[in-house]
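**Student:** The structure is given below, and queries will be raised subsequently.
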Amino acid sequence: MARLTQSFRLLPRPWDPSAPGARKMGEPGLFTCACCGLITPGRRFPWHGDGPGPVCALCNILQDPTRPAIEREAVLIWWPKLPQTRIMTLTRCAHQALMQTLGNGPNGQDSVWYRAMDAIASGSDTTMIPAQCKSALAVLRALHARTTEARRRLETTSPRLLATALLMANRADPQINESATTLMDGIRLFPLGRLYNGPTDIYPALVREWLDADPQPVMT
C-alpha cells in the first residue's frame, strides 16, 4: 500500500501518453480510479506508462502541472502527513456530496457550484450553500487552508511555477537534489473544482456523471 501511495504524486514533467511504450487502457467505461479509488465512468487516463492502473480525469492533472488552465484548476498545499491519494479521494467525495446537495441536474446548477468554489478559495461567506453541505465544505476549507504553509515555504502556490523550477534544478547537485526530494515529500496538489477542456470547464458535468454512476451519498 505504501508503494502504491508513493506512486501518485505531482509529476513535474508532463507525461506523454502517445510516447513509444505508453500504456494503453482500452475503451472508455466504468472503472475504479487507481489514485482516488472511486468508481468512475467514461474516459480513463494511463498513469505515466508503468503505473498500477488508469486514473480519472481529476487525478490525471497530477501528471500535467503545466497544462494551460492549471492555475484555475488547482493549487499547491503543504501536508506531508496526508498522502496525495487521500487528498484526491477527499476532494472528489466532497465535490460529489456538494453537487448531490446542490442538485444533480442540468447546467443551471453550475452558477451555484461556482459561487461555492469561489467562496471556499477566497474564504468568504458560504451561507448561500445548503446546511447539508457543512461536512463537505469543512473538508474543502481544511484542505485549502494548507495553501498558507505552501506559500510560506515556496512563495507561490502555482503548480506551473513549481514544475518549472524543478525541471530547471540541477538534480545532479546532492544538496539541490536533497532539497527537491524533501519538497516533493511534503507538497501536494489540491483541485479547485474546475477542469478545462480548451476554454470550457467540464468539471461540473464530470461530477454529475460520477454521481450517476455511483449515486450513494459519499459525505454527510
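To be explicit about the labels: the chains of the C-alpha cells are called A, B, and onward in the order shown, and within each one the residues are counted from 1, while ligands get numbers from 1 in the order they are shown.
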Taking the chain letters and numbering used in this document, name the residues of range 141-216 of chain A that DSSP puts in helix (DSSP H, G or I), as a PyMOL selection string.
**Tutor:** chain A and resi 141-145+147-154+159-168+174-186+203-213
**Student:** What does the structure give for the distance between CA of Ser158 in chain A and CA of Arg86 in chain A, in Å to one decimal?
**Tutor:**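 According to the coordinates, CA of Ser158 in chain A and CA of Arg86 in chain A are separated by 20.5 Å.
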**Student:** Residues of range 29-159 of chain A classed as strand (DSSP E or B) by DSSP on the backbone are to be reported as a list in words.
**Tutor:** Phe31, Thr32, Ile39, Thr40, Phe45, Val55, Ala74, Val75, Leu76, Ile77 and Trp78 of chain A
**Student:** Would you kindly return, as a PyMOL selection string, each protein, DNA or RNA residue with an atom no farther than 8 Å from any atom of Thr101 in chain A, considering only C-alpha atoms and excluding same-chain residues fewer than 4 positions away?
**Tutor:** chain A and resi 97+130+132-133
**Student:** If you keep N, CA, C and O atoms, can you produce a file of those selected residues as a PDB file, in the first residue's frame?
**Tutor:**
ATOM      1  N   ALA A  97     -20.499  15.114  -2.934  1.00  0.00           N
ATOM      2  CA  ALA A  97     -21.506  15.386  -1.914  1.00  0.00           C
ATOM      3  C   ALA A  97     -22.108  16.780  -2.100  1.00  0.00           C
ATOM      4  O   ALA A  97     -23.318  16.980  -1.945  1.00  0.00           O
ATOM      5  N   PRO A 130     -26.489  25.204   0.978  1.00  0.00           N
ATOM      6  CA  PRO A 130     -27.349  24.489   1.924  1.00  0.00           C
ATOM      7  C   PRO A 130     -26.581  23.928   3.119  1.00  0.00           C
ATOM      8  O   PRO A 130     -25.414  23.536   3.000  1.00  0.00           O
ATOM      9  N   GLN A 132     -26.822  21.178   4.524  1.00  0.00           N
ATOM     10  CA  GLN A 132     -26.438  19.772   4.357  1.00  0.00           C
ATOM     11  C   GLN A 132     -25.019  19.625   3.838  1.00  0.00           C
ATOM     12  O   GLN A 132     -24.433  18.542   3.905  1.00  0.00           O
ATOM     13  N   CYS A 133     -24.467  20.702   3.297  1.00  0.00           N
ATOM     14  CA  CYS A 133     -23.120  20.663   2.722  1.00  0.00           C
ATOM     15  C   CYS A 133     -22.039  20.956   3.751  1.00  0.00           C
ATOM     16  O   CYS A 133     -20.859  21.074   3.399  1.00  0.00           O
TER      17      CYS A 133
END
**Student:** Report the closest atom pair, with its distance in Å rounded to one decimal, for each residue of range 59-89 of chain A that has an atom no farther than 12 Å from range 114-123 of chain A; count only C-alpha atoms, sort by chain and then rising residue number, and write it as a tab-separated table.
**Tutor:**
residue	atom	partner	partner_atom	distance
A:Arg72	CA	A:Ala121	CA	10.6
A:Glu73	CA	A:Met117	CA	10.8
A:Ala74	CA	A:Ala121	CA	10.3
A:Val75	CA	A:Ala121	CA	9.8
**Student:** Keeping only N, CA, C and O atoms, take the residues you just selected and write them out as an mmCIF file, in the first residue's frame.
**Tutor:**
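Okay, this is what ended up in again-v5.cif:
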data_model
loop_
_atom_site.group_PDB
_atom_site.id
_atom_site.type_symbol
_atom_site.label_atom_id
_atom_site.label_comp_id
_atom_site.auth_asym_id
_atom_site.auth_seq_id
_atom_site.Cartn_x
_atom_site.Cartn_y
_atom_site.Cartn_z
ATOM 1 N N ARG A 72 -6.112 27.817 -12.676
ATOM 2 C CA ARG A 72 -7.519 27.898 -12.277
ATOM 3 C C ARG A 72 -8.049 26.561 -11.774
ATOM 4 O O ARG A 72 -9.112 26.512 -11.170
ATOM 5 N N GLU A 73 -7.305 25.498 -12.013
ATOM 6 C CA GLU A 73 -7.775 24.155 -11.682
ATOM 7 C C GLU A 73 -7.268 23.624 -10.344
ATOM 8 O O GLU A 73 -7.937 22.805 -9.711
ATOM 9 N N ALA A 74 -6.104 24.092 -9.913
ATOM 10 C CA ALA A 74 -5.504 23.508 -8.714
ATOM 11 C C ALA A 74 -4.484 24.450 -8.096
ATOM 12 O O ALA A 74 -3.943 25.337 -8.773
ATOM 13 N N VAL A 75 -4.215 24.244 -6.813
ATOM 14 C CA VAL A 75 -3.172 24.993 -6.111
ATOM 15 C C VAL A 75 -2.316 24.010 -5.321
ATOM 16 O O VAL A 75 -2.716 22.872 -5.064
#
**Student:** Which residues are near Trp210 in chain A? Cut-off 6 Å, only C-alpha atoms, ignore same chain within fewer than 3 positions. Put them as a ChimeraX atom specification.
**Tutor:** /A:40,207,213
**Student:** Leu11 in chain A: which residues within 12 Å, counting only C-alpha atoms, same-chain residues fewer than 4 positions away excluded, as a PyMOL selection string?
**Tutor:** chain A and resi 6-7+15-16+47-48+59-66+84+159-160+162-164+166-167+184+187-189
**Student:** Could you dump the residues just selected with C-alpha atoms as an mmCIF file, in the first residue's frame?
**Tutor:**
data_model
loop_
_atom_site.group_PDB
_atom_site.id
_atom_site.type_symbol
_atom_site.label_atom_id
_atom_site.label_comp_id
_atom_site.auth_asym_id
_atom_site.auth_seq_id
_atom_site.Cartn_x
_atom_site.Cartn_y
_atom_site.Cartn_z
ATOM 1 C CA GLN A 6 4.000 6.918 -3.320
ATOM 2 C CA SER A 7 3.272 6.215 -6.991
ATOM 3 C CA TRP A 15 3.909 12.582 -19.263
ATOM 4 C CA ASP A 16 3.223 11.971 -22.947
ATOM 5 C CA TRP A 47 -0.598 6.802 -15.303
ATOM 6 C CA HIS A 48 2.893 7.630 -16.684
ATOM 7 C CA CYS A 59 -6.316 12.639 -10.721
ATOM 8 C CA ASN A 60 -4.773 12.949 -14.177
ATOM 9 C CA ILE A 61 -3.887 16.613 -13.522
ATOM 10 C CA LEU A 62 -1.158 15.369 -11.169
ATOM 11 C CA GLN A 63 0.860 14.337 -14.201
ATOM 12 C CA ASP A 64 0.297 17.526 -16.183
ATOM 13 C CA PRO A 65 1.073 20.529 -13.937
ATOM 14 C CA THR A 66 1.881 22.770 -16.910
ATOM 15 C CA GLN A 84 -1.786 12.741 -2.349
ATOM 16 C CA PRO A 159 1.802 24.120 -9.787
ATOM 17 C CA ARG A 160 3.248 25.528 -13.019
ATOM 18 C CA LEU A 162 6.940 24.657 -9.061
ATOM 19 C CA ALA A 163 7.127 22.279 -12.024
ATOM 20 C CA THR A 164 9.243 24.764 -13.958
ATOM 21 C CA LEU A 166 12.033 21.521 -10.528
ATOM 22 C CA LEU A 167 12.717 20.961 -14.216
ATOM 23 C CA MET A 184 8.194 16.735 -3.053
ATOM 24 C CA ILE A 187 3.948 19.319 -1.321
ATOM 25 C CA ARG A 188 0.516 18.243 -2.537
ATOM 26 C CA LEU A 189 -1.916 19.331 -5.248
#
**Student:** Work out how far CA of Thr32 in chain A is from CA of Met99 in chain A, in Å to one decimal.
**Tutor:**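 It comes out at 20.1 Å.
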**Student:** At a cut-off of 12 Å, using only C-alpha atoms, what residues contact Ala138 in chain A? Leave out same-chain residues fewer than 4 positions from it and give the result as a PyMOL selection string.
**Tutor:** chain A and resi 90-91+94-95+97-98+120+123+126+131-134+142-145+219-220
**Student:** Would you mind listing what lies within 9 Å of Pro204 in chain A as a list of chain:residue names, with only C-alpha atoms counted and same-chain residues fewer than 3 positions away left out?
**Tutor:**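 Here the qualifying residues turn out to be A:Met99, A:Asn107, A:Gln109, A:Asp110, A:Trp113, A:Gly193, A:Arg194, A:Leu195, A:Asp201, A:Val207, A:Arg208, A:Glu209.
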**Student:** Atoms to include: all heavy atoms. Write the selected residues as a tab-separated table (two decimals), in the first residue's frame.
**Tutor:**
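Written output follows (result-v4.tsv):
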chain	number	residue	atom	x	y	z
A	99	MET	N	-22.28	18.53	-4.96
A	99	MET	CA	-23.12	18.53	-6.15
A	99	MET	C	-24.43	17.79	-5.89
A	99	MET	O	-25.49	18.19	-6.39
A	99	MET	CB	-22.37	17.89	-7.31
A	99	MET	CG	-23.16	17.88	-8.62
A	99	MET	SD	-23.45	19.55	-9.29
A	99	MET	CE	-21.86	19.90	-10.05
A	107	ASN	N	-27.39	22.13	-16.31
A	107	ASN	CA	-26.31	23.10	-16.11
A	107	ASN	C	-26.74	24.34	-15.35
A	107	ASN	O	-25.91	25.17	-15.02
A	107	ASN	CB	-25.72	23.50	-17.45
A	107	ASN	CG	-24.96	22.35	-18.10
A	107	ASN	OD1	-24.57	21.42	-17.41
A	107	ASN	ND2	-24.78	22.41	-19.40
A	109	GLN	N	-27.43	24.50	-12.42
A	109	GLN	CA	-26.84	24.44	-11.10
A	109	GLN	C	-25.40	24.96	-11.08
A	109	GLN	O	-24.83	25.18	-10.02
A	109	GLN	CB	-26.86	22.99	-10.59
A	109	GLN	CG	-28.25	22.41	-10.39
A	109	GLN	CD	-29.00	23.09	-9.26
A	109	GLN	OE1	-28.38	23.67	-8.37
A	109	GLN	NE2	-30.31	23.03	-9.29
A	110	ASP	N	-24.82	25.16	-12.24
A	110	ASP	CA	-23.40	25.49	-12.29
A	110	ASP	C	-23.08	26.83	-11.64
A	110	ASP	O	-22.01	27.00	-11.05
A	110	ASP	CB	-22.90	25.49	-13.74
A	110	ASP	CG	-22.80	24.08	-14.31
A	110	ASP	OD1	-23.10	23.13	-13.57
A	110	ASP	OD2	-22.43	23.95	-15.49
A	113	TRP	N	-22.64	26.22	-8.10
A	113	TRP	CA	-21.39	25.48	-7.92
A	113	TRP	C	-20.19	26.42	-7.93
A	113	TRP	O	-19.33	26.35	-7.04
A	113	TRP	CB	-21.24	24.46	-9.05
A	113	TRP	CG	-19.91	23.76	-9.07
A	113	TRP	CD1	-18.81	24.09	-9.81
A	113	TRP	CD2	-19.53	22.62	-8.28
A	113	TRP	NE1	-17.78	23.23	-9.55
A	113	TRP	CE2	-18.19	22.32	-8.62
A	113	TRP	CE3	-20.21	21.84	-7.35
A	113	TRP	CZ2	-17.51	21.24	-8.04
A	113	TRP	CZ3	-19.52	20.77	-6.78
A	113	TRP	CH2	-18.19	20.49	-7.12
A	193	GLY	N	-12.06	22.49	-8.14
A	193	GLY	CA	-13.44	22.35	-8.62
A	193	GLY	C	-13.67	22.85	-10.01
A	193	GLY	O	-14.80	23.15	-10.40
A	194	ARG	N	-12.58	22.95	-10.78
A	194	ARG	CA	-12.66	23.32	-12.19
A	194	ARG	C	-11.71	22.42	-12.97
A	194	ARG	O	-10.64	22.06	-12.49
A	194	ARG	CB	-12.29	24.79	-12.40
A	194	ARG	CG	-13.32	25.78	-11.90
A	194	ARG	CD	-12.83	27.21	-12.08
A	194	ARG	NE	-13.89	28.19	-11.89
A	194	ARG	CZ	-14.29	28.66	-10.73
A	194	ARG	NH1	-13.71	28.21	-9.62
A	194	ARG	NH2	-15.25	29.56	-10.63
A	195	LEU	N	-12.09	22.10	-14.21
A	195	LEU	CA	-11.25	21.28	-15.07
A	195	LEU	C	-11.58	21.64	-16.51
A	195	LEU	O	-12.71	21.44	-16.96
A	195	LEU	CB	-11.51	19.79	-14.82
A	195	LEU	CG	-10.53	18.82	-15.48
A	195	LEU	CD1	-9.13	18.98	-14.89
A	195	LEU	CD2	-11.01	17.39	-15.32
A	201	ASP	N	-15.07	24.71	-19.08
A	201	ASP	CA	-14.92	24.00	-17.82
A	201	ASP	C	-15.87	22.80	-17.82
A	201	ASP	O	-17.09	22.97	-17.76
A	201	ASP	CB	-15.23	24.93	-16.65
A	201	ASP	CG	-15.05	24.25	-15.29
A	201	ASP	OD1	-14.58	23.09	-15.26
A	201	ASP	OD2	-15.38	24.88	-14.27
A	207	VAL	N	-18.66	15.74	-12.52
A	207	VAL	CA	-19.14	15.38	-11.18
A	207	VAL	C	-20.54	14.78	-11.27
A	207	VAL	O	-20.86	13.80	-10.58
A	207	VAL	CB	-19.12	16.59	-10.24
A	207	VAL	CG1	-19.69	16.21	-8.87
A	207	VAL	CG2	-17.70	17.12	-10.07
A	208	ARG	N	-21.38	15.33	-12.13
A	208	ARG	CA	-22.72	14.76	-12.30
A	208	ARG	C	-22.65	13.35	-12.89
A	208	ARG	O	-23.43	12.47	-12.51
A	208	ARG	CB	-23.57	15.69	-13.18
A	208	ARG	CG	-24.03	16.96	-12.45
A	208	ARG	CD	-25.07	17.71	-13.26
A	208	ARG	NE	-24.48	18.43	-14.38
A	208	ARG	CZ	-24.05	19.69	-14.32
A	208	ARG	NH1	-24.14	20.36	-13.17
A	208	ARG	NH2	-23.54	20.28	-15.37
A	209	GLU	N	-21.72	13.13	-13.82
A	209	GLU	CA	-21.54	11.78	-14.37
A	209	GLU	C	-21.11	10.81	-13.29
A	209	GLU	O	-21.57	9.66	-13.24
A	209	GLU	CB	-20.50	11.80	-15.49
A	209	GLU	CG	-20.97	12.46	-16.77
A	209	GLU	CD	-19.89	12.44	-17.85
A	209	GLU	OE1	-18.91	11.67	-17.70
A	209	GLU	OE2	-20.02	13.21	-18.82
**Student:** Pick out the closest residue to Leu137 in chain A from this set: A:Ile77, A:Ala169, A:Cys93, A:Leu154. Count only C-alpha atoms.
**Tutor:**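 Of A:Ile77, A:Ala169, A:Cys93, A:Leu154, the one nearest Leu137 in chain A is A:Cys93, counting only C-alpha atoms.
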**Student:** Would you compute the distance between CA of Ser135 in chain A and CA of Phe8 in chain A? Give it in Å to one decimal.
**Tutor:**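 Spanning CA of Ser135 in chain A to CA of Phe8 in chain A is a straight-line distance of 25.8 Å.
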